[in-house]
>>> print(open('target32.cif').read())   # mmCIF, C-alpha atoms
data_protein
loop_
_atom_site.group_PDB
_atom_site.id
_atom_site.type_symbol
_atom_site.label_atom_id
_atom_site.label_comp_id
_atom_site.auth_asym_id
_atom_site.auth_seq_id
_atom_site.Cartn_x
_atom_site.Cartn_y
_atom_site.Cartn_z
ATOM 1 C CA MET A 764 22.785 -9.431 0.195
ATOM 2 C CA GLU A 765 26.286 -9.193 1.521
ATOM 3 C CA LYS A 766 28.754 -7.948 -1.067
ATOM 4 C CA ASN A 767 31.165 -10.840 -0.560
ATOM 5 C CA ASN A 768 30.384 -14.519 -1.070
ATOM 6 C CA THR A 769 29.492 -15.244 2.557
ATOM 7 C CA GLU A 770 25.967 -16.081 3.612
ATOM 8 C CA PRO A 771 23.735 -13.076 4.273
ATOM 9 C CA PHE A 772 23.437 -12.051 7.904
ATOM 10 C CA TYR A 773 19.707 -12.834 7.728
ATOM 11 C CA LYS A 774 20.134 -16.469 6.623
ATOM 12 C CA ASP A 775 18.291 -17.579 9.781
ATOM 13 C CA GLY A 776 15.591 -14.930 9.318
ATOM 14 C CA LEU A 777 14.821 -11.586 10.910
ATOM 15 C CA HIS A 778 12.170 -10.419 13.312
ATOM 16 C CA PHE A 779 9.782 -7.726 12.174
ATOM 17 C CA GLY A 780 6.324 -6.721 13.295
ATOM 18 C CA CYS A 781 4.771 -3.408 12.370
ATOM 19 C CA GLN A 782 4.084 -1.361 15.503
ATOM 20 C CA ARG A 783 1.855 1.082 13.573
ATOM 21 C CA CYS A 784 4.048 3.982 14.698
ATOM 22 C CA SER A 785 3.839 5.508 11.191
ATOM 23 C CA PHE A 786 7.514 6.461 11.205
ATOM 24 C CA CYS A 787 8.035 4.861 7.783
ATOM 25 C CA CYS A 788 4.915 6.691 6.528
ATOM 26 C CA GLY A 789 6.036 10.194 7.396
ATOM 27 C CA HIS A 790 7.671 12.493 9.912
ATOM 28 C CA SER A 791 10.479 13.387 7.505
ATOM 29 C CA PRO A 792 10.720 14.125 3.791
ATOM 30 C CA GLY A 793 10.878 11.098 1.542
ATOM 31 C CA PHE A 794 9.504 9.525 -1.581
ATOM 32 C CA VAL A 795 7.076 6.708 -2.203
ATOM 33 C CA TYR A 796 7.769 5.945 -5.834
ATOM 34 C CA LEU A 797 4.952 4.373 -7.829
ATOM 35 C CA SER A 798 5.277 1.629 -10.409
ATOM 36 C CA ARG A 799 2.668 0.743 -13.019
ATOM 37 C CA ARG A 800 1.385 -1.995 -10.695
ATOM 38 C CA ASP A 801 1.141 0.480 -7.817
ATOM 39 C CA LEU A 802 -0.682 3.080 -9.887
ATOM 40 C CA ASP A 803 -3.197 0.600 -11.309
ATOM 41 C CA THR A 804 -3.853 -0.929 -7.876
ATOM 42 C CA LEU A 805 -4.319 2.457 -6.195
ATOM 43 C CA CYS A 806 -6.595 3.738 -8.979
ATOM 44 C CA ALA A 807 -8.790 0.666 -8.602
ATOM 45 C CA HIS A 808 -8.813 1.039 -4.805
ATOM 46 C CA PHE A 809 -9.918 4.683 -4.959
ATOM 47 C CA LYS A 810 -12.155 4.103 -8.004
ATOM 48 C CA MET A 811 -10.358 6.870 -9.915
ATOM 49 C CA ASN A 812 -8.890 7.042 -13.383
ATOM 50 C CA ILE A 813 -5.175 7.613 -13.772
ATOM 51 C CA LYS A 814 -5.479 11.302 -14.518
ATOM 52 C CA GLU A 815 -7.664 11.906 -11.441
ATOM 53 C CA PHE A 816 -5.431 9.880 -9.148
ATOM 54 C CA VAL A 817 -2.196 11.477 -10.328
ATOM 55 C CA GLY A 818 -3.751 14.952 -10.057
ATOM 56 C CA THR A 819 -4.986 14.298 -6.511
ATOM 57 C CA TYR A 820 -2.334 12.154 -4.881
ATOM 58 C CA CYS A 821 0.910 12.412 -6.855
ATOM 59 C CA ARG A 822 3.864 14.569 -7.829
ATOM 60 C CA TRP A 823 6.853 14.214 -10.124
ATOM 61 C CA ALA A 824 9.962 13.584 -8.080
ATOM 62 C CA ASP A 825 13.597 13.814 -9.064
ATOM 63 C CA TYR A 826 15.173 10.429 -9.606
ATOM 64 C CA TYR A 827 18.544 9.220 -10.779
ATOM 65 C CA TYR A 828 20.277 11.066 -13.619
ATOM 66 C CA GLY A 829 17.814 13.938 -13.656
ATOM 67 C CA THR A 830 14.743 11.945 -14.642
ATOM 68 C CA LYS A 831 11.331 12.510 -13.103
ATOM 69 C CA VAL A 832 9.283 9.655 -11.671
ATOM 70 C CA LEU A 833 5.835 9.378 -10.163
ATOM 71 C CA ALA A 834 5.656 9.597 -6.360
ATOM 72 C CA LEU A 835 2.956 10.094 -3.777
ATOM 73 C CA LEU A 836 2.470 13.565 -2.327
ATOM 74 C CA GLU A 837 3.263 14.351 1.275
ATOM 75 C CA GLN A 838 1.190 16.277 3.761
ATOM 76 C CA LYS A 839 2.635 19.452 5.306
ATOM 77 C CA ASN A 840 4.028 17.434 8.249
ATOM 78 C CA TYR A 841 5.714 15.054 5.735
ATOM 79 C CA ASP A 842 3.258 12.220 6.365
ATOM 80 C CA CYS A 843 2.258 10.319 3.265
ATOM 81 C CA ILE A 844 -0.838 11.720 1.577
ATOM 82 C CA LEU A 845 -2.525 8.334 2.167
ATOM 83 C CA TRP A 846 -1.904 8.397 5.947
ATOM 84 C CA LYS A 847 -5.107 9.176 7.869
ATOM 85 C CA ASN A 848 -4.694 7.574 11.344
ATOM 86 C CA GLY A 849 -3.580 4.530 9.376
ATOM 87 C CA CYS A 850 -3.033 3.880 5.712
ATOM 88 C CA SER A 851 -6.179 4.723 3.770
ATOM 89 C CA ALA A 852 -5.051 2.317 1.042
ATOM 90 C CA TYR A 853 -3.498 -0.426 3.154
ATOM 91 C CA GLU A 854 -4.862 -3.295 1.034
ATOM 92 C CA ALA A 855 -3.632 -1.533 -2.111
ATOM 93 C CA ARG A 856 -0.475 0.032 -0.725
ATOM 94 C CA PRO A 857 2.534 0.398 -3.018
ATOM 95 C CA VAL A 858 5.126 -2.364 -3.199
ATOM 96 C CA GLN A 859 7.662 -0.003 -1.619
ATOM 97 C CA CYS A 860 5.417 0.103 1.456
ATOM 98 C CA SER A 861 4.412 -3.553 1.567
ATOM 99 C CA THR A 862 8.014 -4.791 1.351
ATOM 100 C CA TYR A 863 9.359 -2.550 4.124
ATOM 101 C CA PRO A 864 11.820 -3.131 5.831
ATOM 102 C CA PHE A 865 13.126 -5.829 3.503
ATOM 103 C CA TRP A 866 14.689 -3.410 1.031
ATOM 104 C CA SER A 867 17.991 -4.345 -0.616
ATOM 105 C CA TRP A 868 19.983 -1.485 0.829
ATOM 106 C CA MET A 869 18.685 -2.215 4.353
ATOM 107 C CA LEU A 870 19.742 -5.854 3.972
ATOM 108 C CA GLU A 871 23.262 -5.211 2.706
ATOM 109 C CA THR A 872 24.873 -5.572 6.122
ATOM 110 C CA LYS A 873 23.833 -6.298 9.680
ATOM 111 C CA GLU A 874 25.171 -2.856 10.606
ATOM 112 C CA MET A 875 22.834 -1.192 8.087
ATOM 113 C CA TRP A 876 19.879 -3.223 9.378
ATOM 114 C CA GLU A 877 20.680 -2.278 12.980
ATOM 115 C CA ASP A 878 21.129 1.375 12.054
ATOM 116 C CA CYS A 879 17.694 1.425 10.391
ATOM 117 C CA ALA A 880 16.211 -0.413 13.377
ATOM 118 C CA LYS A 881 17.068 2.584 15.566
ATOM 119 C CA GLU A 882 14.213 4.451 13.860
ATOM 120 C CA CYS A 883 11.754 1.551 13.485
ATOM 121 C CA PRO A 884 10.462 -0.149 16.632
ATOM 122 C CA GLY A 885 9.114 -3.026 14.545
ATOM 123 C CA MET A 886 12.526 -4.133 13.346
ATOM 124 C CA ASN A 887 13.972 -6.872 15.577
ATOM 125 C CA ALA A 888 10.502 -7.301 17.110
ATOM 126 C CA GLY A 889 7.482 -9.305 16.068
ATOM 127 C CA ARG A 890 7.398 -12.541 14.159
ATOM 128 C CA LEU A 891 10.368 -14.248 12.588
ATOM 129 C CA TRP A 892 10.456 -13.802 8.812
ATOM 130 C CA THR A 893 12.249 -16.631 7.043
ATOM 131 C CA PHE A 894 15.147 -16.138 4.673
ATOM 132 C CA GLU A 895 12.816 -17.094 1.787
ATOM 133 C CA GLU A 896 10.178 -14.539 2.817
ATOM 134 C CA ILE A 897 12.805 -11.827 3.167
ATOM 135 C CA GLU A 898 14.286 -12.645 -0.232
ATOM 136 C CA GLU A 899 10.850 -12.626 -1.866
ATOM 137 C CA ASN A 900 10.158 -9.155 -0.454
ATOM 138 C CA ARG A 901 13.610 -7.932 -1.465
ATOM 139 C CA ARG A 902 13.050 -9.171 -5.030
ATOM 140 C CA HIS A 903 9.638 -7.480 -5.228
ATOM 141 C CA TYR A 904 11.208 -4.236 -4.017
ATOM 142 C CA ASP A 905 14.074 -4.484 -6.527
ATOM 143 C CA ASP A 906 11.768 -5.355 -9.443
ATOM 144 C CA ASN A 907 9.294 -2.542 -8.751
ATOM 145 C CA ALA A 908 10.517 0.142 -11.149
ATOM 146 C CA PRO A 909 8.966 3.609 -10.759
ATOM 147 C CA LEU A 910 7.035 5.160 -13.608
ATOM 148 C CA HIS A 911 8.924 7.837 -15.504
ATOM 149 C CA LYS A 912 7.116 10.950 -16.668
ATOM 150 C CA GLU A 913 7.300 9.874 -20.310
ATOM 151 C CA ASP A 914 5.650 6.549 -19.383
ATOM 152 C CA LEU A 915 2.406 8.390 -18.577
ATOM 153 C CA GLU A 916 2.411 11.354 -20.932
ATOM 154 C CA SER A 917 -0.219 9.932 -23.277
ATOM 155 C CA GLU A 918 -2.495 8.891 -20.390
ATOM 156 C CA LEU A 919 -2.320 12.303 -18.747
ATOM 157 C CA ARG A 920 -2.829 14.363 -21.887
ATOM 158 C CA ASP A 921 -5.934 16.542 -22.225
ATOM 159 C CA ASP A 922 -7.645 15.179 -25.313
#
>>> encode(input="target32.cif", output="C-alpha cells")
Amino acid sequence: MEKNNTEPFYKDGLHFGCQRCSFCCGHSPGFVYLSRRDLDTLCAHFKMNIKEFVGTYCRWADYYYGTKVLALLEQKNYDCILWKNGCSAYEARPVQCSTYPFWSWMLETKEMWEDCAKECPGMNAGRLWTFEEIEENRRHYDDNAPLHKEDLESELRDD
C-alpha cells in the first residue's frame, strides 16, 4: 500500500496474465522461501517425507539478521529446481509463487510496479485483477513466513 493515507494506485485493479516466460522462475539468482504450508503441500505433491524433500529440493538461505531459512534450490542456470519446461509442482507451488506479482514491495508505488513490469511481460497485460483480489494475494504473501532452520531441526534429525 502507499505509505501515505491516499488510496493505493491499484484501487481500480491491475492487469496481470502469466505469459509463461519463466522470468520469475529463474534466469537470475533469487530465493523461493518456504513456509510450513509450502513444505507440507510440496511434500504431499511429490509424495516425499520432509527429510527427503528438503534433502532433494532445498537449501538453507541467509535471511534477515543472520538467520537461515528454508528455500528451494536453483539449477545451474538459476532456474528454480522445480522448473522443467513449466512448473513441475504448479498445483502445489509455494505461496511466494502463487501470489506473484502482488507482493507488498511491488505494490508500494506505481513507479515500483512499473519498474518490475519491465522484466515481466505479464504485468499490465491479461485480465483485470480487482483491488480485493490483489489485497488478498498481498496478505497471503505477507503472512507466509519462511521456516527457520530451528523450526525443522527435530524433523530432519537422524534418529
>>> resolve_selection(input="target32.cif", expression="the PyMOL selection byres ((chain A and resi 799-811) around 7)", output="ChimeraX atom specification")
/A:797-798,812-813,815-816,855,857-858,910
>>> residues_around(input="target32.cif", residues="range 828-844 of chain A", least_positions_apart="5", cutoff="9 Å", atoms="only C-alpha atoms", output="list in words")
Ser785, Phe786, Cys787, Cys788, Gly789, His790, Ser791, Pro792, Gly793, Phe794, Val795, Tyr796, Leu797, Ser798, Val817, Thr819, Tyr820, Cys821, Arg822, Trp823, Cys850, Pro909, Leu910, His911, Lys912 and Glu913 of chain A
>>> residues_around(input="target32.cif", residues="Glu899 in chain A", least_positions_apart="4", cutoff="12 Å", atoms="all atoms listed in the file", output="number ranges by chain")
A: 858, 861-863, 865-867, 892-895, 903-906
>>> atom_distance(input="target32.cif", atom1="CA of Tyr827 in chain A", atom2="CA of Leu845 in chain A")
24.7 Å
>>> residues_near_point(input="target32.cif", point="(7.0, -10.5, 18.2)", cutoff="10 Å", atoms="all atoms listed in the file", output="VMD selection string")
chain A and resid 778 to 782 885 to 891
>>> atom_distance(input="target32.cif", atom1="CA of Lys881 in chain A", atom2="CA of Leu777 in chain A")
15.1 Å
>>> atom_distance(input="target32.cif", atom1="CA of Arg902 in chain A", atom2="CA of Ala852 in chain A")
22.3 Å
>>> build_atoms(input="target32.cif", residues="range 779-790 of chain A", atoms="all heavy atoms", output="compact mmCIF listing (two decimals), in the frame of the given file")
# COMPACT_ATOMS: atom_id res chain seq x y z
N PHE A 779 10.42 -9.00 12.50
CA PHE A 779 9.78 -7.73 12.17
C PHE A 779 8.29 -7.85 12.45
O PHE A 779 7.66 -8.84 12.09
CB PHE A 779 9.98 -7.32 10.71
CG PHE A 779 9.19 -6.09 10.34
CD1 PHE A 779 9.55 -4.85 10.83
CD2 PHE A 779 8.07 -6.17 9.54
CE1 PHE A 779 8.81 -3.71 10.53
CE2 PHE A 779 7.33 -5.04 9.22
CZ PHE A 779 7.70 -3.80 9.72
N GLY A 780 7.76 -6.83 13.07
CA GLY A 780 6.32 -6.72 13.30
C GLY A 780 5.96 -5.26 13.35
O GLY A 780 6.45 -4.53 14.22
N CYS A 781 5.15 -4.82 12.42
CA CYS A 781 4.77 -3.41 12.37
C CYS A 781 4.12 -2.99 13.69
O CYS A 781 3.21 -3.66 14.18
CB CYS A 781 3.81 -3.17 11.20
SG CYS A 781 3.31 -1.44 11.07
N GLN A 782 4.61 -1.90 14.25
CA GLN A 782 4.08 -1.36 15.50
C GLN A 782 3.09 -0.23 15.26
O GLN A 782 2.62 0.40 16.20
CB GLN A 782 5.24 -0.86 16.37
CG GLN A 782 6.32 -1.90 16.62
CD GLN A 782 5.81 -3.10 17.38
OE1 GLN A 782 5.28 -2.95 18.48
NE2 GLN A 782 5.96 -4.29 16.82
N ARG A 783 2.80 0.04 13.99
CA ARG A 783 1.86 1.08 13.57
C ARG A 783 2.25 2.46 14.12
O ARG A 783 1.41 3.29 14.44
CB ARG A 783 0.43 0.71 13.93
CG ARG A 783 0.04 -0.65 13.32
CD ARG A 783 -1.40 -0.99 13.36
NE ARG A 783 -2.31 -0.12 12.66
CZ ARG A 783 -2.44 -0.02 11.34
NH1 ARG A 783 -1.68 -0.72 10.55
NH2 ARG A 783 -3.34 0.78 10.82
N CYS A 784 3.55 2.69 14.21
CA CYS A 784 4.05 3.98 14.70
C CYS A 784 3.98 5.05 13.62
O CYS A 784 4.07 6.23 13.92
CB CYS A 784 5.48 3.83 15.21
SG CYS A 784 6.70 3.58 13.91
N SER A 785 3.91 4.64 12.38
CA SER A 785 3.84 5.51 11.19
C SER A 785 5.16 6.17 10.84
O SER A 785 5.20 7.02 9.96
CB SER A 785 2.72 6.55 11.29
OG SER A 785 3.09 7.66 12.08
N PHE A 786 6.24 5.81 11.51
CA PHE A 786 7.51 6.46 11.20
C PHE A 786 7.90 6.29 9.74
O PHE A 786 8.38 7.20 9.11
CB PHE A 786 8.63 5.94 12.11
CG PHE A 786 9.89 6.75 11.96
CD1 PHE A 786 10.05 7.93 12.66
CD2 PHE A 786 10.89 6.36 11.08
CE1 PHE A 786 11.18 8.70 12.50
CE2 PHE A 786 12.03 7.13 10.90
CZ PHE A 786 12.17 8.30 11.62
N CYS A 787 7.68 5.09 9.19
CA CYS A 787 8.04 4.86 7.78
C CYS A 787 7.06 5.55 6.83
O CYS A 787 7.33 5.65 5.63
CB CYS A 787 8.11 3.36 7.48
SG CYS A 787 6.57 2.47 7.78
N CYS A 788 5.95 6.05 7.36
CA CYS A 788 4.92 6.69 6.53
C CYS A 788 4.99 8.21 6.60
O CYS A 788 4.15 8.90 6.03
CB CYS A 788 3.53 6.24 6.98
SG CYS A 788 3.30 4.46 6.90
N GLY A 789 5.97 8.74 7.31
CA GLY A 789 6.04 10.19 7.40
C GLY A 789 7.08 10.67 8.37
O GLY A 789 8.09 10.02 8.58
N HIS A 790 6.82 11.82 8.92
CA HIS A 790 7.67 12.49 9.91
C HIS A 790 8.91 13.16 9.32
O HIS A 790 9.49 14.02 9.94
CB HIS A 790 8.11 11.54 11.03
CG HIS A 790 6.97 10.87 11.73
ND1 HIS A 790 6.13 11.54 12.57
CD2 HIS A 790 6.54 9.59 11.67
CE1 HIS A 790 5.22 10.71 13.02
NE2 HIS A 790 5.44 9.51 12.50
